[in-house]
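A.B. asks: The following file, my_file-v5.cif, comprises mmCIF, C-alpha atoms and all ligand atoms:
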data_coords
loop_
_atom_site.label_atom_id
_atom_site.label_comp_id
_atom_site.auth_asym_id
_atom_site.auth_seq_id
_atom_site.Cartn_x
_atom_site.Cartn_y
_atom_site.Cartn_z
CA MET A 250 98.98 91.32 81.64
CA SER A 251 100.55 93.23 78.79
CA LYS A 252 102.92 91.28 76.54
CA ARG A 253 105.37 94.12 76.99
CA ASN A 254 105.93 92.82 80.51
CA TRP A 255 106.10 89.14 79.69
CA LYS A 256 109.02 87.37 81.30
CA PRO A 257 111.59 85.76 78.96
CA GLU A 258 110.23 82.27 79.74
CA THR A 259 106.75 83.25 78.59
CA ILE A 260 108.07 84.93 75.44
CA ALA A 261 110.17 81.83 74.65
CA VAL A 262 107.03 79.68 74.72
CA GLN A 263 104.34 81.97 73.32
CA GLY A 264 105.92 85.16 71.99
CA ALA A 265 104.94 86.64 68.63
CA TYR A 266 102.39 84.03 67.56
CA GLU A 267 98.79 84.45 68.59
CA PRO A 268 96.26 82.31 66.71
CA THR A 269 92.79 83.67 66.23
CA SER A 270 89.80 81.39 66.79
CA GLY A 271 90.17 78.15 64.86
CA GLU A 272 93.76 78.74 63.72
CA PRO A 273 96.58 76.25 64.47
CA ARG A 274 97.80 76.50 68.08
CA VAL A 275 101.39 75.88 66.93
CA VAL A 276 103.17 78.24 64.50
CA PRO A 277 102.33 76.66 61.12
CA LEU A 278 105.14 75.65 58.80
CA THR A 279 104.40 77.60 55.64
CA LEU A 280 106.31 75.87 52.89
CA SER A 281 105.39 78.21 50.09
CA THR A 282 107.82 80.35 48.17
CA THR A 283 105.08 82.66 47.05
CA PHE A 284 101.74 84.17 48.06
CA ALA A 285 98.67 84.84 45.92
CA TYR A 286 96.95 88.22 45.48
CA ASP A 287 93.81 89.39 43.69
CA SER A 288 95.15 92.53 42.03
CA ALA A 289 98.37 93.90 40.59
CA GLN A 290 97.89 97.02 42.71
CA GLU A 291 98.03 95.00 45.94
CA VAL A 292 101.40 93.54 44.93
CA ALA A 293 102.68 96.95 43.81
CA ASP A 294 101.77 98.37 47.24
CA LEU A 295 103.67 95.57 48.95
CA PHE A 296 106.76 96.30 46.84
CA ASP A 297 106.48 99.98 47.72
CA PHE A 298 106.08 99.27 51.47
CA LYS A 299 102.67 100.99 51.30
CA SER A 300 101.18 97.88 52.86
CA PHE A 301 102.75 94.90 54.61
CA GLY A 302 102.32 91.28 53.67
CA HIS A 303 104.24 88.29 52.39
CA PHE A 304 104.81 87.95 48.68
CA TYR A 305 108.05 86.02 48.18
CA THR A 306 109.87 83.93 50.78
CA ARG A 307 113.29 85.46 50.08
CA LEU A 308 111.85 88.69 51.51
CA SER A 309 109.46 87.33 54.13
CA ASN A 310 107.47 84.26 55.09
CA PRO A 311 104.92 83.76 57.90
CA THR A 312 106.92 81.04 59.71
CA VAL A 313 110.16 83.01 59.46
CA SER A 314 108.34 86.18 60.60
CA ALA A 315 107.00 84.41 63.69
CA PHE A 316 110.54 83.36 64.60
CA GLU A 317 111.88 86.87 63.95
CA GLY A 318 109.13 88.33 66.11
CA LYS A 319 109.95 86.03 69.02
CA MET A 320 113.69 86.82 68.78
CA THR A 321 112.88 90.55 68.71
CA MET A 322 110.83 90.20 71.90
CA LEU A 323 113.44 88.04 73.64
CA GLU A 324 116.26 90.51 72.91
CA GLY A 325 114.10 93.54 73.61
CA GLY A 326 114.71 95.02 70.15
CA ALA A 327 112.71 96.77 67.42
CA GLY A 328 113.00 94.23 64.62
CA ALA A 329 114.88 91.20 63.32
CA LEU A 330 116.01 89.52 60.11
CA ALA A 331 116.51 85.74 60.09
CA CYS A 332 119.44 84.56 57.98
CA ALA A 333 120.67 81.32 56.45
CA SER A 334 123.36 80.82 59.12
CA GLY A 335 125.24 82.64 61.82
CA GLN A 336 127.88 83.55 59.25
CA ALA A 337 125.22 85.01 56.97
CA ALA A 338 123.88 87.07 59.90
CA SER A 339 127.32 88.50 60.80
CA THR A 340 128.14 89.21 57.15
CA CYS A 341 124.83 90.97 56.55
CA ALA A 342 124.98 92.90 59.84
CA ILE A 343 128.36 94.33 58.88
CA MET A 344 127.76 94.87 55.16
CA ASN A 345 124.52 96.71 55.90
CA ILE A 346 126.59 99.66 57.18
CA CYS A 347 130.10 99.07 55.76
CA GLN A 348 131.23 99.40 52.20
CA ALA A 349 134.53 99.42 50.30
CA GLY A 350 136.95 101.86 51.91
CA GLN A 351 135.45 101.46 55.38
CA HIS A 352 136.65 99.75 58.50
CA VAL A 353 135.62 97.58 61.45
CA VAL A 354 137.15 97.30 64.93
CA ALA A 355 136.72 93.79 66.35
CA ALA A 356 137.75 91.78 69.39
CA SER A 357 140.48 89.28 68.49
CA THR A 358 138.75 86.49 70.43
CA LEU A 359 135.93 86.15 67.87
CA TYR A 360 134.64 82.81 66.61
CA GLY A 361 136.99 81.44 63.91
CA GLY A 362 134.49 81.94 61.08
CA THR A 363 133.86 85.58 61.97
CA TYR A 364 137.60 86.12 62.36
CA ASN A 365 138.21 84.73 58.85
CA LEU A 366 135.39 86.87 57.46
CA LEU A 367 136.91 90.05 58.89
CA CYS A 368 140.59 89.15 58.47
CA HIS A 369 140.55 87.60 54.97
CA THR A 370 137.27 87.75 53.07
CA LEU A 371 135.83 91.23 53.68
CA PRO A 372 139.23 92.89 52.97
CA LYS A 373 138.93 91.47 49.41
CA TYR A 374 135.79 93.61 49.10
CA GLY A 375 137.54 96.68 50.51
CA ILE A 376 136.34 96.44 54.13
CA SER A 377 139.30 96.32 56.51
CA CYS A 378 139.45 95.35 60.16
CA THR A 379 141.65 96.09 63.16
CA PHE A 380 141.58 93.42 65.85
CA VAL A 381 141.93 94.50 69.46
CA ASP A 382 142.63 92.66 72.70
CA GLN A 383 139.25 92.91 74.41
CA LYS A 384 140.94 93.03 77.84
CA ALA A 385 142.87 96.17 76.83
CA PRO A 386 141.95 99.50 78.46
CA ALA A 387 139.29 101.60 76.68
CA ALA A 388 141.91 104.11 75.46
CA GLU A 389 143.85 101.36 73.69
CA ILE A 390 140.70 100.03 71.99
CA ALA A 391 139.66 103.58 71.06
CA ALA A 392 143.05 104.07 69.40
CA ALA A 393 142.04 101.43 66.81
CA ILE A 394 139.11 103.60 65.66
CA GLN A 395 139.70 105.40 62.35
CA ASP A 396 137.71 108.09 60.52
CA ASN A 397 136.32 105.38 58.25
CA THR A 398 135.36 102.98 61.08
CA ARG A 399 131.67 102.08 60.83
CA CYS A 400 131.14 99.56 63.63
CA VAL A 401 132.69 97.79 66.60
CA PHE A 402 132.16 94.02 66.81
CA GLY A 403 132.47 91.70 69.82
CA GLU A 404 131.14 88.42 71.23
CA THR A 405 129.29 88.27 74.56
CA LEU A 406 130.92 84.97 75.47
CA SER A 407 133.71 84.18 73.06
CA ASN A 408 133.94 80.87 71.22
CA PRO A 409 136.04 79.01 72.28
CA GLY A 410 137.88 81.23 74.78
CA THR A 411 134.77 81.90 76.98
CA GLU A 412 135.93 85.48 77.51
CA VAL A 413 133.09 87.76 78.63
CA LEU A 414 132.77 91.04 76.73
CA ASP A 415 133.02 94.19 78.84
CA PHE A 416 129.92 95.73 77.26
CA GLU A 417 130.16 99.13 78.90
CA LYS A 418 133.77 99.58 77.79
CA PHE A 419 133.04 98.52 74.20
CA ALA A 420 129.80 100.52 73.97
CA SER A 421 131.49 103.67 75.23
CA VAL A 422 134.33 103.37 72.69
CA ALA A 423 131.85 102.74 69.85
CA HIS A 424 129.42 105.49 70.84
CA LYS A 425 132.16 108.09 71.33
CA ALA A 426 133.14 107.34 67.74
CA GLY A 427 129.52 107.64 66.57
CA VAL A 428 129.30 104.01 65.42
CA PRO A 429 127.17 101.08 66.64
CA LEU A 430 128.33 98.15 68.76
CA ILE A 431 127.42 94.83 67.12
CA VAL A 432 127.47 91.85 69.48
CA ASP A 433 127.41 88.16 68.66
CA ASN A 434 125.24 86.80 71.48
CA THR A 435 125.25 83.15 70.33
CA PHE A 436 126.49 81.39 73.47
CA PRO A 437 124.42 83.13 76.18
CA THR A 438 121.25 83.46 74.04
CA PRO A 439 118.89 86.27 75.11
CA TYR A 440 117.84 84.14 78.07
CA LEU A 441 121.23 84.46 79.79
CA CYS A 442 122.15 87.92 78.51
CA ARG A 443 120.45 90.83 76.76
CA PRO A 444 123.25 92.94 75.23
CA PHE A 445 120.82 95.83 74.54
CA ASP A 446 120.54 96.35 78.31
CA PHE A 447 124.27 97.15 78.38
CA GLY A 448 124.70 99.43 75.36
CA ALA A 449 124.86 97.10 72.33
CA ASP A 450 123.00 98.41 69.28
CA ILE A 451 122.74 95.31 67.09
CA VAL A 452 122.81 91.66 68.10
CA VAL A 453 123.58 88.68 65.88
CA HIS A 454 123.18 84.99 66.62
CA SER A 455 124.08 81.69 65.15
CA THR A 456 120.71 80.05 65.88
CA THR A 457 122.42 76.80 64.90
CA LYS A 458 123.61 76.60 68.50
CA TYR A 459 121.46 76.88 71.66
CA ILE A 460 118.48 78.54 69.99
CA ASP A 461 117.80 75.49 67.84
CA GLY A 462 119.49 73.60 70.63
CA HIS A 463 119.24 70.11 69.17
CA ALA A 464 121.79 70.32 66.33
CA VAL A 465 119.20 69.92 63.60
CA SER A 466 119.14 73.19 61.65
CA LEU A 467 121.47 75.97 60.52
CA GLY A 468 120.37 79.54 60.97
CA GLY A 469 121.23 83.03 62.06
CA VAL A 470 119.44 86.19 63.07
CA ILE A 471 120.14 89.91 63.31
CA VAL A 472 118.19 91.88 65.92
CA ASP A 473 118.19 95.69 65.84
CA ARG A 474 117.63 97.62 69.03
CA GLY A 475 116.23 100.50 66.96
CA ARG A 476 117.83 103.25 69.07
CA PHE A 477 121.05 104.09 67.27
CA ASN A 478 121.26 107.59 65.80
CA TRP A 479 122.00 106.88 62.13
CA LYS A 480 121.62 110.57 61.32
CA ASN A 481 125.03 111.59 62.67
CA GLY A 482 126.45 112.01 59.17
CA LYS A 483 128.33 108.70 59.00
CA PHE A 484 125.64 106.54 57.45
CA PRO A 485 124.36 108.13 54.22
CA GLU A 486 123.27 104.65 53.04
CA LEU A 487 120.53 104.86 55.69
CA THR A 488 119.66 108.54 55.52
CA GLU A 489 120.05 109.38 51.81
CA PRO A 490 117.82 108.14 48.96
CA ASP A 491 118.38 104.49 47.95
CA GLU A 492 118.50 104.39 44.14
CA SER A 493 117.65 100.70 44.17
CA TYR A 494 114.45 101.49 46.06
CA HIS A 495 112.87 104.39 44.17
CA GLY A 496 114.94 106.97 46.03
CA MET A 497 113.60 106.03 49.46
CA SER A 498 115.48 107.10 52.62
CA TYR A 499 115.37 104.34 55.25
CA THR A 500 115.52 106.68 58.24
CA GLY A 501 112.97 108.95 56.58
CA ALA A 502 110.51 106.15 55.83
CA PHE A 503 111.09 103.75 58.73
CA GLY A 504 112.60 105.72 61.64
CA ASP A 505 113.76 103.27 64.33
CA MET A 506 113.42 100.34 61.93
CA ALA A 507 115.74 101.87 59.30
CA TYR A 508 118.68 99.49 59.79
CA ILE A 509 116.71 96.26 59.86
CA VAL A 510 114.40 97.26 56.98
CA LYS A 511 117.44 98.10 54.85
CA ALA A 512 119.04 94.75 55.72
CA ARG A 513 115.94 93.01 54.37
CA ALA A 514 115.04 95.31 51.48
CA GLN A 515 118.60 95.46 50.12
CA LEU A 516 120.80 92.65 51.40
CA ALA A 517 118.29 89.81 51.84
CA ARG A 518 116.90 90.83 48.45
CA ASP A 519 120.30 90.92 46.71
CA PHE A 520 122.44 88.35 48.57
CA GLY A 521 119.53 86.05 49.35
CA ALA A 522 121.12 84.38 52.40
CA VAL A 523 117.81 84.05 54.27
CA MET A 524 116.54 81.44 56.71
CA SER A 525 114.32 78.73 55.25
CA PRO A 526 110.80 78.32 56.69
CA MET A 527 111.69 74.77 57.77
CA ASN A 528 114.68 75.98 59.77
CA ALA A 529 112.68 78.86 61.25
CA TRP A 530 110.04 76.37 62.37
CA LEU A 531 112.68 74.16 64.01
CA ALA A 532 114.46 77.11 65.65
CA ASN A 533 111.13 78.36 66.96
CA LEU A 534 110.38 74.94 68.43
CA GLY A 535 113.81 75.01 70.07
CA LEU A 536 113.05 78.41 71.61
CA GLU A 537 110.04 76.97 73.45
CA THR A 538 112.39 75.15 75.85
CA LEU A 539 115.29 77.64 75.75
CA HIS A 540 115.02 78.70 79.40
CA ILE A 541 114.81 75.14 80.73
CA ARG A 542 117.74 74.02 78.61
CA MET A 543 120.00 77.00 79.35
CA ASP A 544 119.54 76.62 83.11
CA ARG A 545 120.42 72.91 82.91
CA HIS A 546 123.36 73.46 80.54
CA THR A 547 124.73 76.01 83.03
CA GLU A 548 124.13 73.72 86.00
CA ASN A 549 125.79 70.70 84.36
CA ALA A 550 128.73 72.75 83.06
CA THR A 551 129.29 74.30 86.50
CA MET A 552 129.38 70.85 88.10
CA LEU A 553 131.72 69.45 85.45
CA ALA A 554 134.00 72.52 85.67
CA GLU A 555 134.21 72.19 89.46
CA TRP A 556 134.96 68.47 89.16
CA LEU A 557 137.69 69.08 86.55
CA ALA A 558 139.20 71.87 88.67
CA ARG A 559 139.64 69.42 91.56
CA ASP A 560 141.21 66.67 89.42
CA LYS A 561 145.01 66.28 89.49
CA ARG A 562 145.09 64.98 85.89
CA VAL A 563 143.70 68.29 84.66
CA HIS A 564 146.19 71.13 84.10
CA TRP A 565 143.71 74.02 83.96
CA VAL A 566 139.98 74.75 83.48
CA ARG A 567 138.35 77.89 82.14
CA TYR A 568 134.67 78.49 82.78
CA PRO A 569 133.27 81.93 83.64
CA GLY A 570 131.00 80.29 86.23
CA LEU A 571 134.01 79.23 88.37
CA LYS A 572 134.74 81.66 91.22
CA ASN A 573 138.46 81.89 90.42
CA ASP A 574 137.97 82.30 86.66
CA PRO A 575 139.36 85.55 85.22
CA ASN A 576 135.92 86.24 83.67
CA TYR A 577 133.89 85.51 86.81
CA ALA A 578 133.32 89.17 87.75
CA LEU A 579 132.24 90.18 84.24
CA ALA A 580 129.99 87.11 84.01
CA LYS A 581 128.35 88.04 87.33
CA LYS A 582 127.79 91.55 86.06
CA TYR A 583 126.34 90.74 82.63
CA LEU A 584 125.08 87.13 82.56
CA HIS A 585 122.35 85.18 84.37
CA GLY A 586 124.20 81.95 83.71
CA THR A 587 127.35 80.94 81.88
CA SER A 588 126.05 78.38 79.32
CA GLY A 589 127.36 74.87 78.75
CA VAL A 590 130.68 75.70 77.15
CA LEU A 591 133.96 75.31 79.02
CA THR A 592 137.57 74.67 78.05
CA PHE A 593 140.33 72.76 79.77
CA GLY A 594 143.81 71.39 79.26
CA VAL A 595 144.83 67.86 80.21
CA ARG A 596 148.15 67.44 82.02
CA GLY A 597 150.65 66.06 79.50
CA GLY A 598 149.87 68.66 76.82
CA ALA A 599 148.53 68.22 73.31
CA ARG A 600 149.31 64.46 73.08
CA ALA A 601 147.51 63.62 76.32
CA GLY A 602 144.67 65.84 75.13
CA GLU A 603 144.45 63.83 71.93
CA ARG A 604 144.31 60.57 73.92
CA PHE A 605 141.52 62.09 76.02
CA MET A 606 139.59 63.08 72.90
CA ASN A 607 139.95 59.57 71.50
CA SER A 608 138.77 57.95 74.74
CA VAL A 609 135.49 59.70 75.52
CA LYS A 610 132.42 57.63 74.73
CA LEU A 611 129.29 59.44 75.93
CA ALA A 612 130.77 62.74 74.76
CA ARG A 613 131.43 62.66 71.03
CA LEU A 614 134.01 64.42 68.94
CA VAL A 615 132.02 66.78 66.75
CA VAL A 616 132.49 70.12 65.01
CA HIS A 617 129.57 71.62 66.82
CA VAL A 618 128.70 73.11 70.14
CA ALA A 619 125.66 74.03 72.17
CA ASP A 620 123.19 71.21 71.77
CA THR A 621 121.58 68.63 74.03
CA ARG A 622 124.42 66.08 73.62
CA THR A 623 127.77 66.53 75.37
CA SER A 624 130.54 67.00 72.82
CA VAL A 625 134.24 67.77 72.70
CA LEU A 626 136.39 69.52 70.12
CA HIS A 627 140.07 70.35 69.68
CA PRO A 628 140.07 73.86 68.14
CA ALA A 629 143.80 73.92 67.22
CA SER A 630 143.37 70.95 64.86
CA MET A 631 139.72 71.54 63.94
CA THR A 632 137.80 74.88 63.89
CA HIS A 633 140.87 77.12 64.16
CA ARG A 634 143.30 75.12 62.00
CA GLN A 635 143.31 77.80 59.24
CA LEU A 636 144.69 80.35 61.70
CA SER A 637 148.44 80.85 62.20
CA PRO A 638 149.89 79.98 65.65
CA GLU A 639 149.95 83.72 66.50
CA GLN A 640 146.34 84.19 65.41
CA GLN A 641 145.35 81.09 67.40
CA LYS A 642 147.02 82.57 70.45
CA ALA A 643 145.18 85.89 69.99
CA ALA A 644 141.91 83.94 69.70
CA GLY A 645 142.72 82.19 73.00
CA VAL A 646 143.41 78.82 71.38
CA THR A 647 146.40 76.95 72.85
CA PRO A 648 147.60 73.60 71.43
CA GLU A 649 146.28 71.55 74.35
CA LEU A 650 142.92 73.34 74.71
CA ILE A 651 139.85 71.09 74.60
CA ARG A 652 136.45 72.70 74.23
CA VAL A 653 133.57 70.94 75.93
CA SER A 654 129.93 71.57 75.18
CA VAL A 655 128.18 70.15 78.21
CA GLY A 656 124.83 68.63 77.28
CA LEU A 657 121.67 67.74 79.12
CA GLU A 658 122.54 64.15 80.09
CA HIS A 659 122.75 63.30 83.82
CA ILE A 660 125.87 64.91 85.27
CA ASP A 661 126.97 61.62 86.90
CA ASP A 662 127.17 59.94 83.50
CA ILE A 663 129.07 62.89 82.00
CA ILE A 664 131.59 62.89 84.86
CA ALA A 665 132.02 59.09 84.67
CA ASP A 666 132.86 59.43 80.96
CA PHE A 667 135.42 62.19 81.60
CA ASP A 668 136.91 60.22 84.50
CA ARG A 669 137.46 57.19 82.25
CA ALA A 670 138.89 59.27 79.40
CA LEU A 671 141.28 61.13 81.73
CA ALA A 672 142.56 57.80 83.03
CA ALA A 673 143.16 56.70 79.42
CA ALA A 674 144.87 60.02 78.63
CA ASN A 675 147.32 59.46 81.47
CA ARG A 676 148.14 55.85 80.53
CA VAL A 677 151.19 56.08 78.29
C1 LIG A 701 128.84 78.84 65.19
C2 LIG A 701 129.05 80.26 65.45
C3 LIG A 701 128.92 81.21 64.41
C4 LIG A 701 128.63 80.82 62.99
O1 LIG A 701 127.36 80.30 62.89
P1 LIG A 701 126.90 79.28 61.72
O2 LIG A 701 125.46 79.10 62.01
O3 LIG A 701 127.73 78.04 61.86
O4 LIG A 701 127.18 79.97 60.43
C5 LIG A 701 129.09 82.55 64.72
N1 LIG A 701 129.38 82.94 65.98
C6 LIG A 701 129.52 82.06 67.00
C7 LIG A 701 129.83 82.57 68.37
C8 LIG A 701 129.36 80.70 66.77
O5 LIG A 701 129.51 79.84 67.79
#
What would the structure in this file look like if it were written as structure tokens?
Ligand SMILES: *Cc1c(COP(=O)(O)O)cnc(C)c1O

C.D. replies:
Amino acid sequence: MSKRNWKPETIAVQGAYEPTSGEPRVVPLTLSTTFAYDSAQEVADLFDFKSFGHFYTRLSNPTVSAFEGKMTMLEGGAGALACASGQAASTCAIMNICQAGQHVVAASTLYGGTYNLLCHTLPKYGISCTFVDQKAPAAEIAAAIQDNTRCVFGETLSNPGTEVLDFEKFASVAHKAGVPLIVDNTFPTPYLCRPFDFGADIVVHSTTKYIDGHAVSLGGVIVDRGRFNWKNGKFPELTEPDESYHGMSYTGAFGDMAYIVKARAQLARDFGAVMSPMNAWLANLGLETLHIRMDRHTENATMLAEWLARDKRVHWVRYPGLKNDPNYALAKKYLHGTSGVLTFGVRGGARAGERFMNSVKLARLVVHVADTRTSVLHPASMTHRQLSPEQQKAAGVTPELIRVSVGLEHIDDIIADFDRALAAANRV
């Protein structure tokens, strides 16, 4: 059977690494910053892209390449660049096609770090952003597009609001404007959703979350679908000669791979925020069980959400896997499962919520999400505390909101822990 037709489960286990006779069965961890060659000409050819090979780990490394190859296959793209973190991936994905004087349109429900990047940090470098309500009609989102807009950015399943992106609406707005749709696909992972199937052009991930899956390594990745038409006049940085690369044109030399080659040749080279071989090895190991874990995370989260929805001590629950959730229809349309992340509010408001947070035992209070262990977080006082109350509201963060990352423990033990903590929250 051709690898082209491999199912996601098979790619997750075996994709992009094929040992020849006598080679290690498992992707080897290549802890070497550099690679030896016999002649100066060989190295010169590598620098000139006349041949391909590893020469310095900031630009490429065999372990990192294996991970990038597997992510490319899982997302159904043309190529990938692994980055030091999810933030590095988003930053590089945007800066690869935006420069001073240009503009981004983004959904307001983005992860707090991405929101800060677009709202505060990139504007200092001359890249501005207009945030839109992702539930708004297409015409309203399209009205945010300017002549200098160079991309539209959204999150498949927003963190922490669990809003599902209406891909077709966002893709049509972006494509009418001649710019790509960049999607942060961290929460679903390519196992639960492939944004390229619904019009996205570039996908980014924080691999720190479900892809690693065990909360052991930071990482990020950019995957390029390789189909966007960069030659529409808006992206001279991809079509015109690059002075820093002997006057090479990326579209001319690399065709469908232009965007991702430029990200590596220019931004990985100059900013250096690349994934370490150790973290690539760990993320790749995590991928081998991705499908098993994502199914169980979804199953456990669905059961916990249903239990919370029935409990009188709980004010509200939001989980796109619940039939009466406002995102249920979009989740059905775009996702094969809704991941392990849900949010809820305890009756009694922020104070009762705080008592709940202080009373859980199996679930721990951590600034993390999407690993094997059930965890809880209070965004208003933790991840989103740098945002103003209005910005928090736009990001879907209310004062009482508790974010739960449902792990892989037995659901009975998770529910027993929540039951005990809810009782404590209600005892005044
Ligand atoms: C965590 C997260 C990020 C940032 O990733 P890091 O690896 O922490 O830099 C970006 N987007 C989403 C949706 C996230 O959950």

A.B. asks: Please build the interface table for chain A against ligand LIG 701 (chain A) with a cut-off of 10 Å, listing for each qualifying residue the nearest atom pair and the distance in Å to one decimal; count all atoms listed in the file, order rows by chain and increasing number, and write it as a tab-separated table.

C.D. replies:
residue	atom	partner	partner_atom	distance
A:Cys332	CA	A:LIG701	O2	9.1
A:Ala333	CA	A:LIG701	O2	7.7
A:Ser334	CA	A:LIG701	O2	4.0
A:Gly335	CA	A:LIG701	O1	3.3
A:Gln336	CA	A:LIG701	O4	3.8
A:Ala337	CA	A:LIG701	O4	6.4
A:Ala338	CA	A:LIG701	O4	7.8
A:Ser339	CA	A:LIG701	C5	7.3
A:Thr340	CA	A:LIG701	O4	9.9
A:Thr358	CA	A:LIG701	C7	10.0
A:Leu359	CA	A:LIG701	C7	7.1
A:Tyr360	CA	A:LIG701	C7	5.1
A:Gly361	CA	A:LIG701	C5	8.0
A:Gly362	CA	A:LIG701	C4	6.3
A:Thr363	CA	A:LIG701	C5	6.3
A:Tyr364	CA	A:LIG701	C5	9.5
A:Gly403	CA	A:LIG701	C7	9.6
A:Glu404	CA	A:LIG701	C7	6.6
A:Thr405	CA	A:LIG701	C7	8.4
A:Leu406	CA	A:LIG701	C7	7.6
A:Ser407	CA	A:LIG701	C7	6.3
A:Asn408	CA	A:LIG701	C7	5.3
A:Pro409	CA	A:LIG701	O5	8.0
A:Thr411	CA	A:LIG701	C7	9.9
A:Val432	CA	A:LIG701	C7	9.6
A:Asp433	CA	A:LIG701	C7	6.1
A:Asn434	CA	A:LIG701	C7	7.0
A:Thr435	CA	A:LIG701	C7	5.0
A:Phe436	CA	A:LIG701	C7	6.2
A:Pro437	CA	A:LIG701	C7	9.5
A:Val453	CA	A:LIG701	N1	8.2
A:His454	CA	A:LIG701	N1	6.6
A:Ser455	CA	A:LIG701	O1	4.2
A:Thr456	CA	A:LIG701	O2	6.2
A:Thr457	CA	A:LIG701	O2	4.8
A:Lys458	CA	A:LIG701	C1	6.6
A:Tyr459	CA	A:LIG701	O5	9.4
A:Ser466	CA	A:LIG701	O2	8.7
A:Leu467	CA	A:LIG701	O2	5.3
A:Gly468	CA	A:LIG701	O2	5.2
A:Gly469	CA	A:LIG701	O2	5.8
A:Val470	CA	A:LIG701	O2	9.4
A:Val616	CA	A:LIG701	C1	9.5
A:His617	CA	A:LIG701	C1	7.4
A:Val618	CA	A:LIG701	O5	7.2
A:Ala619	CA	A:LIG701	O5	8.2
A:Thr632	CA	A:LIG701	C1	9.9

A.B. asks: Can you work out which one of A:Cys378, A:Arg518, A:Val413, A:Ser630 has the shortest atom-to-atom distance to Gly570 in chain A, counting only C-alpha atoms?

C.D. replies: A:Val413

A.B. asks: With distances taken over all atoms listed in the file, which of A:Leu557, A:Met320, A:Leu516, A:Ile471 is nearest to Arg307 in chain A?

C.D. replies: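 The answer is A:Leu516, which sits nearest to Arg307 in chain A.
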
A.B. asks: Of the residues A:Arg622, A:Arg676, A:Arg669, A:Lys425, which is the one nearest to Val653 in chain A, using all atoms listed in the file?

C.D. replies: A:Arg622

A.B. asks: Between A:Ile660, A:Leu487, A:Cys442, A:Val510, which is the closest to Ala327 in chain A once you count all atoms listed in the file?

C.D. replies: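 Nearest candidate to Ala327 in chain A out of A:Ile660, A:Leu487, A:Cys442, A:Val510: A:Val510.
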
A.B. asks: Neighbouring residues of Thr379 in chain A were defined as those with any atom within 12 Å, considering only C-alpha atoms; residues of the same chain fewer than 6 positions away were excluded. Please report them as a ChimeraX atom specification.

C.D. replies: /A:351-357,364,367-369,372,389-395,397-402

A.B. asks: Let me make sure I understand: among A:Arg545, A:Gln515, A:Arg567, A:Ile509, which one has the smallest atom-to-atom distance to Tyr494 in chain A if we use only C-alpha atoms?

C.D. replies: A:Gln515

A.B. asks: For CA of Thr259 in chain A and CA of Thr538 in chain A, determine how far apart the two atoms are, in Å to one decimal place.

C.D. replies: 10.2 Å

A.B. asks: How many Å lie between CA of Gly535 in chain A and CA of Leu614 in chain A, rounded to one decimal?

C.D. replies: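 It comes out at 22.8 Å.
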
A.B. asks: Between A:Phe447, A:Trp565, A:Phe520, A:Tyr440, which one has atoms that come closest to Gly586 in chain A, using all atoms listed in the file?

C.D. replies: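 Of A:Phe447, A:Trp565, A:Phe520, A:Tyr440, the one nearest Gly586 in chain A is A:Tyr440, counting all atoms listed in the file.
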
A.B. asks: Near Tyr305 in chain A, counting all atoms listed in the file, which residues have an atom at most 8 Å away, once you skip same-chain residues fewer than 2 positions from it, shown as a ChimeraX atom specification?

C.D. replies: /A:282-284,303,307-310

A.B. asks: Tell me, as JSON, numbers by chain, which residues lie within 12 Å of Asp560 in chain A, counting only C-alpha atoms; anything in the same chain fewer than 2 positions away does not count.

C.D. replies: {"A": [553, 554, 555, 556, 557, 558, 562, 563, 564, 565, 566, 593, 594, 595, 596, 664, 667, 668, 671, 672]}

A.B. asks: May I have the centre and edge lengths, in Å to one decimal, of an axis-aligned box around the listed atoms of range 511-524 of chain A with 5 Å added to every side, as lines of an AutoDock Vina configuration file?

C.D. replies:
center_x = 118.7
center_y = 89.8
center_z = 51.7
size_x = 17.4
size_y = 26.7
size_z = 20.0

A.B. asks: Provide the CA of Ala261 in chain A to CA of Pro439 in chain A distance in Å, to one decimal place.

C.D. replies: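 These atoms are spaced 9.8 Å apart.
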
A.B. asks: If I put a ball of radius 9 Å at (144.8, 64.8, 75.0) in the file's coordinates, which residues poke into it when counting all atoms listed in the file, written as a ChimeraX atom specification?

C.D. replies: /A:594-607,649-651,671,674-675

A.B. asks: Using all atoms listed in the file, give me every residue within 9 Å of (117.2, 100.3, 63.4) in file coordinates, as a PyMOL selection string.

C.D. replies: chain A and resi 326-328+450-451+472-479+500+503-511
